[in-house]
>>> print(open('upload_1.txt').read())   # compact mmCIF, C-alpha atoms
# COMPACT_ATOMS: atom_id res chain seq x y z
CA MET A 877 47.59 7.95 3.69
CA GLN A 878 48.74 4.50 4.70
CA THR A 879 51.19 5.22 7.50
CA LYS A 880 52.65 2.58 9.71
CA THR A 881 50.12 3.56 12.38
CA GLY A 882 47.36 3.23 9.83
CA GLU A 883 48.53 -0.23 8.89
CA ARG A 884 48.64 -1.34 12.49
CA ARG A 885 45.21 0.03 13.16
CA ARG A 886 43.97 -1.76 10.05
CA ALA A 887 45.43 -5.08 11.21
CA ILE A 888 43.86 -4.69 14.65
CA LEU A 889 40.46 -3.91 13.15
CA ASP A 890 40.60 -6.96 10.89
CA VAL A 891 41.57 -9.32 13.68
CA ALA A 892 39.01 -7.84 16.06
CA ALA A 893 36.25 -8.02 13.45
CA SER A 894 36.78 -11.71 12.84
CA MET A 895 37.10 -12.49 16.56
CA PHE A 896 33.93 -10.62 17.47
CA ALA A 897 32.05 -12.37 14.68
CA GLU A 898 33.41 -15.74 15.71
CA LEU A 899 33.12 -15.59 19.49
CA GLY A 900 30.73 -12.76 20.28
CA TYR A 901 31.58 -9.55 22.06
CA GLU A 902 31.43 -10.91 25.61
CA ARG A 903 33.87 -13.72 25.07
CA VAL A 904 36.56 -11.67 23.33
CA SER A 905 39.13 -9.99 25.54
CA MET A 906 41.58 -7.24 24.66
CA ALA A 907 44.35 -9.62 25.71
CA ALA A 908 43.19 -12.24 23.19
CA ILE A 909 43.03 -9.65 20.42
CA ALA A 910 46.51 -8.42 21.28
CA ALA A 911 47.80 -11.99 21.27
CA ARG A 912 46.35 -12.73 17.86
CA THR A 913 47.74 -9.54 16.34
CA GLY A 914 51.13 -10.43 17.81
CA ARG A 915 51.41 -7.14 19.66
CA SER A 916 51.30 -6.06 23.27
CA LYS A 917 48.14 -5.03 25.06
CA ALA A 918 49.73 -1.61 25.53
CA THR A 919 49.98 -1.16 21.76
CA LEU A 920 46.38 -2.20 21.39
CA TYR A 921 45.27 0.35 23.98
CA ASN A 922 47.28 3.02 22.17
CA HIS A 923 44.95 2.59 19.24
CA PHE A 924 41.68 1.88 21.05
CA GLU A 925 41.02 3.02 24.57
CA SER A 926 38.61 0.19 25.39
CA LYS A 927 37.05 -2.97 24.02
CA GLU A 928 33.89 -0.98 23.55
CA ALA A 929 35.67 1.63 21.43
CA LEU A 930 37.28 -1.10 19.35
CA PHE A 931 33.94 -2.83 18.82
CA ALA A 932 32.35 0.49 17.85
CA ALA A 933 35.12 1.12 15.29
CA VAL A 934 34.67 -2.35 13.80
CA MET A 935 30.92 -1.87 13.56
CA VAL A 936 31.10 1.61 12.09
CA GLU A 937 33.46 0.46 9.38
CA ALA A 938 31.31 -2.55 8.47
CA MET A 939 28.12 -0.49 8.45
CA GLU A 940 29.61 2.22 6.29
CA GLU A 941 30.97 -0.09 3.67
CA ARG A 942 27.90 -2.31 3.43
CA GLY A 943 25.48 0.53 3.87
CA GLN A 944 26.92 2.39 0.90
CA ARG A 945 26.67 -0.71 -1.27
CA MET A 946 23.06 -1.12 -0.22
CA LEU A 947 22.13 2.51 -0.83
CA ALA A 948 23.63 2.28 -4.29
CA LEU A 949 20.71 -0.05 -5.13
CA LEU A 950 18.42 2.95 -4.77
CA ASP A 951 19.19 4.21 -8.25
CA PRO A 952 17.31 7.48 -8.77
CA SER A 953 17.45 7.12 -12.56
CA ASP A 954 15.69 3.74 -12.57
CA GLU A 955 11.99 4.37 -13.13
CA ASP A 956 10.85 0.91 -12.13
CA LEU A 957 10.27 1.87 -8.53
CA ARG A 958 8.72 -1.43 -7.53
CA THR A 959 11.69 -3.49 -8.70
CA VAL A 960 14.19 -1.06 -7.20
CA LEU A 961 12.46 -1.19 -3.82
CA GLU A 962 12.08 -4.97 -3.86
CA ARG A 963 15.77 -5.46 -4.65
CA PHE A 964 16.72 -2.98 -2.00
CA GLY A 965 14.40 -4.61 0.55
CA GLU A 966 15.79 -8.07 -0.05
CA ALA A 967 19.39 -6.93 0.10
CA TYR A 968 18.66 -4.91 3.24
CA LEU A 969 17.11 -7.85 5.07
CA ALA A 970 19.81 -10.24 3.88
CA LEU A 971 22.42 -7.90 5.36
CA LEU A 972 20.56 -7.36 8.62
CA LEU A 973 19.77 -11.02 9.16
CA ARG A 974 23.18 -12.56 8.56
CA PRO A 975 24.10 -14.44 11.76
CA GLU A 976 26.98 -11.99 12.43
CA GLY A 977 24.65 -9.08 11.75
CA ILE A 978 22.02 -10.28 14.20
CA GLY A 979 24.75 -11.20 16.68
CA ALA A 980 26.21 -7.70 16.52
CA THR A 981 22.79 -6.09 16.91
CA ARG A 982 22.08 -8.27 19.96
CA THR A 983 25.41 -7.29 21.45
CA VAL A 984 24.71 -3.61 21.02
CA ILE A 985 21.22 -3.94 22.51
CA ALA A 986 22.56 -5.95 25.44
CA GLU A 987 25.20 -3.29 26.14
CA THR A 988 22.70 -0.46 26.05
CA GLY A 989 21.94 -0.50 29.76
CA ARG A 990 25.66 -0.35 30.56
CA SER A 991 27.13 2.13 28.10
CA ASP A 992 26.35 4.59 25.33
CA LEU A 993 27.59 2.16 22.68
CA GLY A 994 24.03 1.78 21.39
CA ALA A 995 23.53 5.51 21.02
CA GLN A 996 26.83 5.97 19.19
CA LEU A 997 26.18 3.15 16.79
CA TYR A 998 22.56 4.06 16.22
CA ALA A 999 23.48 7.50 14.98
CA LEU A 1000 26.16 6.18 12.63
CA GLY A 1001 24.26 3.07 11.58
CA PRO A 1002 20.47 2.78 11.20
CA LYS A 1003 19.84 6.50 11.61
CA ARG A 1004 22.30 7.61 8.95
CA PHE A 1005 21.31 4.78 6.61
CA TRP A 1006 17.60 5.59 6.68
CA ASP A 1007 18.25 9.32 6.43
CA GLU A 1008 19.93 8.55 3.11
CA ALA A 1009 17.09 6.32 2.03
CA ALA A 1010 14.76 9.24 2.82
CA ILE A 1011 16.75 11.40 0.39
CA TYR A 1012 16.02 8.88 -2.35
CA ILE A 1013 12.33 8.87 -1.42
CA GLU A 1014 12.29 12.65 -1.43
CA ARG A 1015 13.67 12.64 -4.99
CA GLN A 1016 10.97 10.21 -6.06
CA MET A 1017 8.41 12.54 -4.53
CA ALA A 1018 9.95 15.48 -6.32
CA ARG A 1019 9.75 13.77 -9.67
CA GLY A 1020 6.16 12.75 -8.98
CA ALA A 1021 6.65 8.99 -8.71
CA LEU A 1022 5.57 9.01 -5.07
CA THR A 1023 2.86 11.14 -3.49
CA ALA A 1024 4.40 14.21 -1.90
CA GLY A 1025 4.61 14.05 1.87
CA SER A 1026 7.14 13.63 4.61
CA ALA A 1027 10.00 11.65 3.07
CA ARG A 1028 11.38 10.85 6.49
CA MET A 1029 8.07 9.40 7.64
CA ALA A 1030 7.75 7.43 4.41
CA ALA A 1031 11.25 6.01 4.91
CA LEU A 1032 10.38 4.93 8.46
CA HIS A 1033 7.20 3.29 7.24
CA LEU A 1034 9.07 1.46 4.50
CA LYS A 1035 11.59 0.25 7.06
CA GLY A 1036 8.85 -0.89 9.45
CA LEU A 1037 7.02 -2.77 6.70
CA LEU A 1038 10.17 -4.47 5.43
CA GLU A 1039 11.25 -5.60 8.88
CA ALA A 1040 7.81 -6.74 10.01
CA GLY A 1041 7.68 -10.41 10.93
CA VAL A 1042 11.37 -11.08 10.32
CA VAL A 1043 13.67 -8.83 12.33
CA GLU A 1044 12.01 -9.12 15.74
CA PRO A 1045 11.78 -12.94 15.60
CA ALA A 1046 15.41 -13.06 14.45
CA LEU A 1047 16.56 -10.98 17.42
CA PHE A 1048 14.74 -13.36 19.76
CA GLY A 1049 16.17 -16.35 17.90
CA ALA A 1050 12.72 -17.48 16.76
CA GLU A 1051 11.52 -18.52 13.32
CA PRO A 1052 10.40 -15.69 11.03
CA LEU A 1053 6.65 -15.23 10.71
CA ILE A 1054 6.85 -14.68 6.99
CA GLU A 1055 9.10 -15.96 4.25
CA ARG A 1056 11.51 -13.17 3.38
CA ARG A 1057 10.78 -12.74 -0.32
CA LYS A 1058 7.04 -12.78 0.20
CA GLY A 1059 7.40 -10.33 3.04
CA VAL A 1060 9.40 -7.90 0.92
CA LYS A 1061 6.93 -8.12 -1.96
CA ALA A 1062 3.99 -7.51 0.35
CA ALA A 1063 5.77 -4.62 2.08
CA VAL A 1064 6.66 -2.89 -1.18
CA ASP A 1065 3.18 -3.56 -2.50
CA LEU A 1066 1.55 -1.84 0.47
CA PHE A 1067 4.10 0.98 0.40
CA LEU A 1068 3.40 1.69 -3.25
CA ARG A 1069 -0.35 1.27 -2.84
CA ASP A 1070 -0.13 4.04 -0.32
CA CYS A 1071 2.48 6.27 -1.86
CA ALA A 1072 2.58 5.74 -5.59
CA ALA A 1073 1.51 8.75 -7.59
CA ASP A 1074 2.30 7.14 -10.90
CA GLY A 1075 -0.04 4.79 -12.77
CA ARG A 1076 2.70 2.28 -13.47
CA THR A 1077 3.48 1.76 -9.84
CA LYS A 1078 -0.12 1.48 -8.66
CA PRO A 1079 -1.15 -1.95 -7.43
CA ARG A 1080 -1.43 -4.63 -10.04
CA ARG A 1081 -4.95 -5.29 -8.89
CA PRO A 1082 -7.63 -3.03 -7.56
CA ARG A 1083 -7.55 -3.06 -3.79
CA ALA A 1084 -10.99 -4.60 -3.39
CA THR A 1085 -9.71 -7.85 -4.89
CA HIS A 1086 -6.43 -7.82 -3.04
CA ASN A 1087 -6.35 -11.35 -1.73
CA ASP A 1088 -4.31 -14.27 -0.54
CA GLU A 1089 -2.46 -14.82 -3.78
CA ASN A 1090 -1.06 -11.36 -3.67
CA GLY A 1091 2.05 -11.79 -1.54
CA SER A 1092 0.41 -13.57 1.31
CA ALA A 1093 1.58 -14.87 4.62
CA GLY A 1094 -1.16 -17.48 4.47
CA ARG A 1095 -4.38 -17.45 6.38
CA HIS A 1096 -4.16 -19.69 9.43
CA MET B 337 -5.16 -21.74 47.18
CA ARG B 338 -3.82 -19.25 44.67
CA VAL B 339 -4.65 -16.29 46.85
CA LYS B 340 -2.43 -17.55 49.62
CA THR B 341 0.63 -18.03 47.48
CA ASP B 342 0.12 -15.12 45.11
CA GLU B 343 1.71 -12.61 47.40
CA ARG B 344 4.76 -14.75 47.85
CA ARG B 345 5.01 -15.39 44.15
CA GLN B 346 4.72 -11.67 43.51
CA GLY B 347 7.53 -11.02 45.98
CA ILE B 348 9.74 -13.51 44.16
CA LEU B 349 8.98 -11.93 40.79
CA GLU B 350 9.83 -8.46 42.01
CA ALA B 351 13.09 -9.52 43.62
CA ALA B 352 14.07 -11.66 40.63
CA GLY B 353 13.18 -8.92 38.15
CA GLY B 354 15.44 -6.49 39.97
CA ILE B 355 18.38 -8.89 39.95
CA PHE B 356 17.90 -9.95 36.33
CA ARG B 357 17.81 -6.34 35.17
CA GLU B 358 20.89 -5.56 37.22
CA LEU B 359 23.06 -8.53 36.26
CA GLY B 360 21.53 -9.94 33.10
CA PHE B 361 20.29 -13.50 32.79
CA GLY B 362 23.61 -15.37 32.74
CA ARG B 363 25.07 -13.85 35.88
CA THR B 364 21.92 -14.23 37.96
CA SER B 365 21.65 -17.40 40.05
CA MET B 366 18.63 -18.96 41.72
CA ALA B 367 20.64 -18.87 44.95
CA ALA B 368 21.07 -15.11 44.71
CA ILE B 369 17.36 -14.68 44.07
CA SER B 370 16.31 -16.84 47.00
CA ALA B 371 18.77 -14.97 49.19
CA ARG B 372 17.19 -11.67 48.24
CA VAL B 373 13.66 -13.00 48.70
CA GLY B 374 14.67 -14.35 52.06
CA GLY B 375 13.55 -17.95 51.67
CA SER B 376 15.26 -21.19 50.81
CA LYS B 377 16.20 -22.30 47.33
CA ALA B 378 13.80 -25.22 47.76
CA THR B 379 10.90 -22.81 48.27
CA LEU B 380 11.93 -20.88 45.19
CA TYR B 381 11.95 -24.09 43.14
CA ASN B 382 8.46 -24.84 44.43
CA TYR B 383 7.28 -21.80 42.56
CA PHE B 384 9.50 -21.97 39.51
CA LYS B 385 11.07 -25.10 38.11
CA SER B 386 13.99 -23.28 36.55
CA LYS B 387 15.66 -19.94 36.10
CA GLU B 388 14.24 -19.86 32.56
CA GLU B 389 10.70 -20.33 33.81
CA LEU B 390 11.25 -17.66 36.43
CA PHE B 391 12.51 -15.15 33.88
CA ALA B 392 9.56 -15.90 31.57
CA ALA B 393 7.24 -15.13 34.49
CA VAL B 394 9.14 -11.93 35.27
CA MET B 395 8.78 -10.87 31.67
CA PHE B 396 5.14 -11.78 31.10
CA ASP B 397 3.23 -12.04 34.37
CA ALA B 398 2.79 -8.30 34.58
CA MET B 399 2.35 -7.99 30.86
CA GLU B 400 -0.32 -10.64 30.54
CA GLU B 401 -2.99 -8.54 32.16
CA GLN B 402 -1.78 -5.38 30.46
CA GLY B 403 -1.62 -7.15 27.11
CA GLN B 404 -5.22 -8.27 27.48
CA GLN B 405 -6.29 -4.71 28.27
CA VAL B 406 -4.51 -3.50 25.16
CA LEU B 407 -6.19 -6.19 23.06
CA ASP B 408 -9.58 -5.29 24.53
CA LEU B 409 -9.23 -1.87 22.92
CA LEU B 410 -9.81 -3.66 19.63
CA ASP B 411 -13.55 -4.03 20.06
CA PRO B 412 -15.01 -5.50 16.88
CA SER B 413 -18.34 -3.77 17.51
CA ASP B 414 -16.63 -0.36 17.64
CA LYS B 415 -17.59 1.55 14.50
CA ASP B 416 -14.81 4.07 15.02
CA LEU B 417 -12.07 1.91 13.50
CA ARG B 418 -9.53 4.69 13.28
CA GLY B 419 -10.06 5.75 16.88
CA ALA B 420 -9.85 2.15 18.11
CA LEU B 421 -6.63 1.48 16.22
CA GLU B 422 -5.06 4.69 17.48
CA ARG B 423 -5.98 3.93 21.10
CA PHE B 424 -4.64 0.42 20.61
CA GLY B 425 -1.40 1.75 19.10
CA VAL B 426 -0.73 4.20 21.91
CA ALA B 427 -1.48 1.60 24.59
CA TYR B 428 0.63 -1.01 22.81
CA LEU B 429 3.66 1.25 22.63
CA SER B 430 3.26 2.31 26.26
CA MET B 431 3.30 -1.34 27.26
CA LEU B 432 6.34 -2.14 25.14
CA LEU B 433 8.35 0.92 26.08
CA GLY B 434 7.94 0.90 29.85
CA SER B 435 11.43 0.90 31.33
CA GLU B 436 11.09 -2.54 32.96
CA ALA B 437 9.51 -4.09 29.89
CA LEU B 438 12.25 -2.67 27.70
CA ALA B 439 14.99 -3.91 30.03
CA ASN B 440 13.40 -7.38 30.02
CA THR B 441 13.25 -7.36 26.22
CA ARG B 442 16.95 -6.47 26.07
CA ILE B 443 17.77 -9.39 28.35
CA ALA B 444 15.72 -11.78 26.21
CA ILE B 445 17.45 -10.58 23.04
CA ALA B 446 20.90 -10.79 24.62
CA GLU B 447 20.16 -14.32 25.82
CA ALA B 448 19.11 -15.42 22.33
CA GLU B 449 22.79 -15.29 21.38
CA SER B 450 23.60 -18.35 23.45
CA SER B 451 20.38 -20.25 24.23
CA LYS B 452 16.90 -21.11 23.07
CA LEU B 453 15.35 -18.98 25.81
CA GLY B 454 14.79 -16.00 23.53
CA ALA B 455 12.79 -18.09 21.07
CA LYS B 456 10.68 -19.53 23.90
CA LEU B 457 9.99 -16.05 25.20
CA TYR B 458 9.02 -14.88 21.75
CA ASP B 459 6.53 -17.73 21.53
CA LEU B 460 5.08 -16.83 24.93
CA GLY B 461 4.77 -13.09 24.34
CA PRO B 462 4.88 -11.24 21.02
CA ARG B 463 3.69 -14.18 18.91
CA PRO B 464 0.36 -14.92 20.68
CA PHE B 465 -0.27 -11.20 21.12
CA TRP B 466 -0.08 -10.54 17.38
CA GLU B 467 -2.03 -13.69 16.62
CA ALA B 468 -4.84 -12.23 18.71
CA VAL B 469 -4.57 -8.96 16.77
CA SER B 470 -4.64 -10.95 13.55
CA ALA B 471 -7.85 -12.70 14.66
CA HIS B 472 -9.40 -9.31 15.29
CA ILE B 473 -8.30 -8.03 11.90
CA GLU B 474 -9.84 -11.10 10.31
CA LYS B 475 -13.18 -10.21 11.93
CA LEU B 476 -12.89 -6.69 10.57
CA MET B 477 -12.28 -8.15 7.13
CA ASP B 478 -15.22 -10.52 7.47
CA CYS B 479 -17.57 -7.72 8.38
CA GLY B 480 -16.28 -5.61 5.52
CA MET B 481 -14.54 -2.83 7.42
CA LEU B 482 -11.18 -3.87 6.03
CA VAL B 483 -10.52 -5.26 2.57
CA ALA B 484 -10.02 -9.00 2.30
CA ALA B 485 -6.32 -9.80 2.65
CA PRO B 486 -4.25 -12.27 4.64
CA PRO B 487 -5.00 -11.15 8.21
CA ARG B 488 -1.64 -12.24 9.60
CA LEU B 489 0.14 -10.15 7.01
CA ALA B 490 -2.04 -7.15 7.80
CA ALA B 491 -1.30 -7.60 11.51
CA LEU B 492 2.44 -7.68 10.81
CA HIS B 493 2.14 -4.53 8.75
CA LEU B 494 0.28 -2.80 11.55
CA GLN B 495 2.99 -3.84 14.00
CA GLY B 496 5.80 -2.67 11.71
CA LEU B 497 4.12 0.67 11.12
CA LEU B 498 3.37 1.27 14.81
CA GLU B 499 6.88 0.43 15.97
CA ALA B 500 8.63 2.37 13.20
CA GLY B 501 10.92 5.07 14.53
CA VAL B 502 10.18 4.21 18.15
CA MET B 503 11.02 0.62 19.07
CA GLU B 504 14.48 0.35 17.55
CA PRO B 505 15.73 3.65 19.03
CA ALA B 506 14.38 2.51 22.42
CA LEU B 507 16.31 -0.75 22.21
CA PHE B 508 19.47 1.17 21.30
CA GLY B 509 18.85 3.63 24.12
CA VAL B 510 18.30 6.75 22.01
CA GLU B 511 15.46 9.22 21.72
CA PRO B 512 12.60 8.12 19.46
CA LEU B 513 12.61 9.54 15.93
CA LEU B 514 8.89 10.27 16.13
CA GLU B 515 6.73 11.76 18.81
CA ARG B 516 4.55 8.90 20.05
CA GLY B 517 1.08 10.28 19.33
CA GLY B 518 2.05 11.64 15.90
CA GLY B 519 3.78 8.40 15.00
CA VAL B 520 0.74 6.33 15.91
CA ARG B 521 -1.61 8.60 13.95
CA ALA B 522 0.64 8.42 10.88
CA ALA B 523 0.93 4.63 11.21
CA VAL B 524 -2.83 4.10 11.52
CA ASP B 525 -3.42 6.51 8.68
CA PHE B 526 -1.03 4.59 6.44
CA PHE B 527 -2.54 1.27 7.51
CA LEU B 528 -6.09 2.40 6.75
CA ARG B 529 -5.15 3.85 3.37
CA GLY B 530 -3.87 0.40 2.50
CA TYR B 531 -6.45 -1.79 4.19
CA ALA B 532 -9.66 0.16 4.91
CA ALA B 533 -12.58 -1.00 2.77
CA CYS B 534 -13.96 2.43 1.87
CA GLY B 535 -10.92 4.63 2.05
CA PRO B 536 -9.34 6.15 5.12
CA ASP B 537 -12.19 8.49 5.98
CA ALA B 538 -14.92 5.86 6.12
CA SER B 539 -14.40 5.30 9.81
CA SER B 540 -13.64 8.77 11.10
>>> encode(input="upload_1.txt", output="structure tokens")
Amino acid sequence: MQTKTGERRRAILDVAASMFAELGYERVSMAAIAARTGRSKATLYNHFESKEALFAAVMVEAMEERGQRMLALLDPSDEDLRTVLERFGEAYLALLLRPEGIGATRTVIAETGRSDLGAQLYALGPKRFWDEAAIYIERQMARGALTAGSARMAALHLKGLLEAGVVEPALFGAEPLIERRKGVKAAVDLFLRDCAADGRTKPRRPRATHNDENGSAGRH
Amino acid sequence: MRVKTDERRQGILEAAGGIFRELGFGRTSMAAISARVGGSKATLYNYFKSKEELFAAVMFDAMEEQGQQVLDLLDPSDKDLRGALERFGVAYLSMLLGSEALANTRIAIAEAESSKLGAKLYDLGPRPFWEAVSAHIEKLMDCGMLVAAPPRLAALHLQGLLEAGVMEPALFGVEPLLERGGGVRAAVDFFLRGYAACGPDASS
């Protein structure tokens, strides 16, 4: 249903998305967005009641589109769980750690004391995304590829392991503590060591010989 | 000499912390802080060379002592590995999720968008803390309680597992996805299944 209103809204979202990415939330004003869309501020406010609401709409749209693409990597029919999870992990971190992605996350965190923007976006973003990932994990548990347990907890653990050493430093603007690929491999390795119920996805080596060569961050 | 100036320094940190958390880093000026403390700007600069240095002190002065107490829970002679890790996990999250600590973390993250301050703060706080945890884990590996593995990687995994479902919601201002105690138990359980030398029950 592409009405004229829909088209206008679309144009505003596109302009706002690129301006937020380019300048950061703080430095973008509703007046500047209106100017770039070639419409009045009044028109802009007809569509979005505040800069916060406009930012939320931009974020929700981006998260939905990219999130769906990411979740599609979790193909339930692919039996090579390790490869599926590694591909997913790398794509997930690549998405999260793009400069615009980190910038947007920082903006939301910074706004948290002042508004409920964080709460709104959390529910529609990370929460919804990992709930869907948990559904995939639940299916793998049901078919016996992962040890039965709380799928939601397993999803949170997978998320924590994948993000460890990369997301927090990125938010602070510091260097990552582990190279991304190595980190993902090590995270998936530990996750499967813990959860795999299937011989094929058990660790490649017995745990007693798990050592530095096996996806290491280096020993310093 | 320290004793004499400590009280004053403490007063500055409290006043500055309040203003930073109210206005954010960018909108806070040294002049406003000295006005609230009730001294001159020159006095303030005697204690802190810059606004950056002052914010770093606000963020970590209180945490330094607390951080050491949390690290002390990891006693290498403690045979109850599971218990020690759980106590450590609970204390770690309490430190991180205190309302002032959380507000300071938000400011540091927000500031990272436009300056190097965030990276400096990361190097003063989280990084050395987890390096100390990693050193402890290495000892546990050396004495055979944990399997041999890169200790820094194991420390990162412990951090990721402990913070899962709690830290991110806190930063976004929503309720945690896991109840704290249950989350810590599950995290330590997962960690020990992966890293304990003789299976997860060896230490309980």
>>> atom_distance(input="upload_1.txt", atom1="atom CA of Leu507 of chain B", atom2="atom CA of Arg442 of chain B")
6.9 Å
>>> closest_residue(input="upload_1.txt", among="B:Glu389, B:Asp414, B:Asp525, B:Glu358", to="Lys456 of chain B", atoms="only C-alpha atoms")
B:Glu389
>>> residues_around(input="upload_1.txt", residues="Ala1040 of chain A", least_positions_apart="3", cutoff="12 Å", atoms="only C-alpha atoms", output="PDB file with C-alpha atoms, in the frame of the given file")
ATOM      1  CA  GLY A 965      14.400  -4.610   0.550  1.00  0.00           C
ATOM      2  CA  LEU A 969      17.110  -7.850   5.070  1.00  0.00           C
ATOM      3  CA  HIS A1033       7.200   3.290   7.240  1.00  0.00           C
ATOM      4  CA  LEU A1034       9.070   1.460   4.500  1.00  0.00           C
ATOM      5  CA  LYS A1035      11.590   0.250   7.060  1.00  0.00           C
ATOM      6  CA  GLY A1036       8.850  -0.890   9.450  1.00  0.00           C
ATOM      7  CA  LEU A1037       7.020  -2.770   6.700  1.00  0.00           C
ATOM      8  CA  VAL A1043      13.670  -8.830  12.330  1.00  0.00           C
ATOM      9  CA  GLU A1044      12.010  -9.120  15.740  1.00  0.00           C
ATOM     10  CA  PRO A1045      11.780 -12.940  15.600  1.00  0.00           C
ATOM     11  CA  ALA A1046      15.410 -13.060  14.450  1.00  0.00           C
ATOM     12  CA  PRO A1052      10.400 -15.690  11.030  1.00  0.00           C
ATOM     13  CA  LEU A1053       6.650 -15.230  10.710  1.00  0.00           C
ATOM     14  CA  ILE A1054       6.850 -14.680   6.990  1.00  0.00           C
ATOM     15  CA  GLU A1055       9.100 -15.960   4.250  1.00  0.00           C
ATOM     16  CA  ARG A1056      11.510 -13.170   3.380  1.00  0.00           C
ATOM     17  CA  LYS A1058       7.040 -12.780   0.200  1.00  0.00           C
ATOM     18  CA  GLY A1059       7.400 -10.330   3.040  1.00  0.00           C
ATOM     19  CA  VAL A1060       9.400  -7.900   0.920  1.00  0.00           C
ATOM     20  CA  ALA A1062       3.990  -7.510   0.350  1.00  0.00           C
ATOM     21  CA  ALA A1063       5.770  -4.620   2.080  1.00  0.00           C
ATOM     22  CA  VAL A1064       6.660  -2.890  -1.180  1.00  0.00           C
ATOM     23  CA  ALA A1093       1.580 -14.870   4.620  1.00  0.00           C
TER      24      ALA A1093
ATOM     25  CA  TRP B 466      -0.080 -10.540  17.380  1.00  0.00           C
ATOM     26  CA  ARG B 488      -1.640 -12.240   9.600  1.00  0.00           C
ATOM     27  CA  LEU B 489       0.140 -10.150   7.010  1.00  0.00           C
ATOM     28  CA  ALA B 490      -2.040  -7.150   7.800  1.00  0.00           C
ATOM     29  CA  ALA B 491      -1.300  -7.600  11.510  1.00  0.00           C
ATOM     30  CA  LEU B 492       2.440  -7.680  10.810  1.00  0.00           C
ATOM     31  CA  HIS B 493       2.140  -4.530   8.750  1.00  0.00           C
ATOM     32  CA  LEU B 494       0.280  -2.800  11.550  1.00  0.00           C
ATOM     33  CA  GLN B 495       2.990  -3.840  14.000  1.00  0.00           C
ATOM     34  CA  GLY B 496       5.800  -2.670  11.710  1.00  0.00           C
ATOM     35  CA  LEU B 497       4.120   0.670  11.120  1.00  0.00           C
ATOM     36  CA  LEU B 498       3.370   1.270  14.810  1.00  0.00           C
ATOM     37  CA  GLU B 499       6.880   0.430  15.970  1.00  0.00           C
ATOM     38  CA  ALA B 500       8.630   2.370  13.200  1.00  0.00           C
TER      39      ALA B 500
END
>>> residues_around(input="upload_1.txt", residues="Ala986 of chain A", least_positions_apart="3", cutoff="12 Å", atoms="all atoms listed in the file", output="ChimeraX atom specification")
/A:900-902,979-983,989-994,1047 /B:357-362,438-449,507-509
>>> atom_distance(input="upload_1.txt", atom1="atom CA of Ser916 of chain A", atom2="atom CA of Val984 of chain A")
26.8 Å
>>> atom_distance(input="upload_1.txt", atom1="atom CA of Gly374 of chain B", atom2="atom CA of Gly461 of chain B")
29.5 Å
>>> closest_residue(input="upload_1.txt", among="A:Ala1030, A:Arg1057, A:Ala929, A:Phe1005", to="Arg942 of chain A", atoms="all atoms listed in the file")
A:Phe1005
>>> closest_residue(input="upload_1.txt", among="A:Leu889, A:Ala995, A:Ile1013, A:Leu949", to="Phe924 of chain A", atoms="all atoms listed in the file")
A:Leu889
>>> closest_residue(input="upload_1.txt", among="B:Gly419, B:Ala484, B:Leu409, B:Leu453", to="Ser386 of chain B", atoms="all atoms listed in the file")
B:Leu453
>>> residues_around(input="upload_1.txt", residues="segment 1022-1029 of chain A", least_positions_apart="3", cutoff="12 Å", atoms="all atoms listed in the file", output="ChimeraX atom specification")
/A:955-958,1003-1019,1032-1036,1067-1078 /B:497-498,500-502,513-515,518-523,525-526
>>> closest_residue(input="upload_1.txt", among="A:Arg903, A:Lys917, A:Arg963, A:Lys880", to="chain B", atoms="only C-alpha atoms")
A:Arg903
>>> residues_around(input="upload_1.txt", residues="Ala938 of chain A", least_positions_apart="2", cutoff="12 Å", atoms="all atoms listed in the file", output="list in words")
Leu889, Asp890, Ala893, Ser894, Ala897, Phe931, Ala932, Ala933, Val934, Met935, Val936, Glu940, Glu941, Arg942, Gly943, Gln944, Arg945, Leu971, Leu972, Glu976, Gly977, Ala980, Leu997, Leu1000 and Gly1001 of chain A
>>> closest_residue(input="upload_1.txt", among="B:Gly375, B:Pro487, B:Pro464, B:Gly517", to="chain A", atoms="only C-alpha atoms")
B:Pro487
>>> residues_around(input="upload_1.txt", residues="segment 396-406 of chain B", least_positions_apart="6", cutoff="12 Å", atoms="all atoms listed in the file", output="PyMOL selection string")
chain B and resi 342+345-346+348-350+353+389-390+420-434+436-438+440-441+444+456-462+464-466+468-469
>>> decode(input="upload_1.txt", residues="segment 355-372 of chain B", atoms="C-alpha atoms", output="PDB file, in the first residue's frame")
ATOM      1  CA  ILE B 355      27.261  16.876  37.729  1.00  0.00           C
ATOM      2  CA  PHE B 356      28.663  14.433  35.175  1.00  0.00           C
ATOM      3  CA  ARG B 357      25.747  12.062  35.686  1.00  0.00           C
ATOM      4  CA  GLU B 358      23.301  14.930  35.408  1.00  0.00           C
ATOM      5  CA  LEU B 359      24.708  16.668  32.333  1.00  0.00           C
ATOM      6  CA  GLY B 360      26.940  14.122  30.645  1.00  0.00           C
ATOM      7  CA  PHE B 361      30.618  14.671  29.984  1.00  0.00           C
ATOM      8  CA  GLY B 362      30.422  17.250  27.188  1.00  0.00           C
ATOM      9  CA  ARG B 363      28.142  19.708  28.945  1.00  0.00           C
ATOM     10  CA  THR B 364      30.007  19.616  32.257  1.00  0.00           C
ATOM     11  CA  SER B 365      32.675  22.279  32.764  1.00  0.00           C
ATOM     12  CA  MET B 366      35.487  22.447  35.294  1.00  0.00           C
ATOM     13  CA  ALA B 367      34.110  25.863  36.269  1.00  0.00           C
ATOM     14  CA  ALA B 368      30.729  24.371  37.138  1.00  0.00           C
ATOM     15  CA  ILE B 369      32.392  21.670  39.206  1.00  0.00           C
ATOM     16  CA  SER B 370      34.569  24.096  41.143  1.00  0.00           C
ATOM     17  CA  ALA B 371      31.522  26.271  41.734  1.00  0.00           C
ATOM     18  CA  ARG B 372      29.658  23.349  43.230  1.00  0.00           C
TER      19      ARG B 372
END
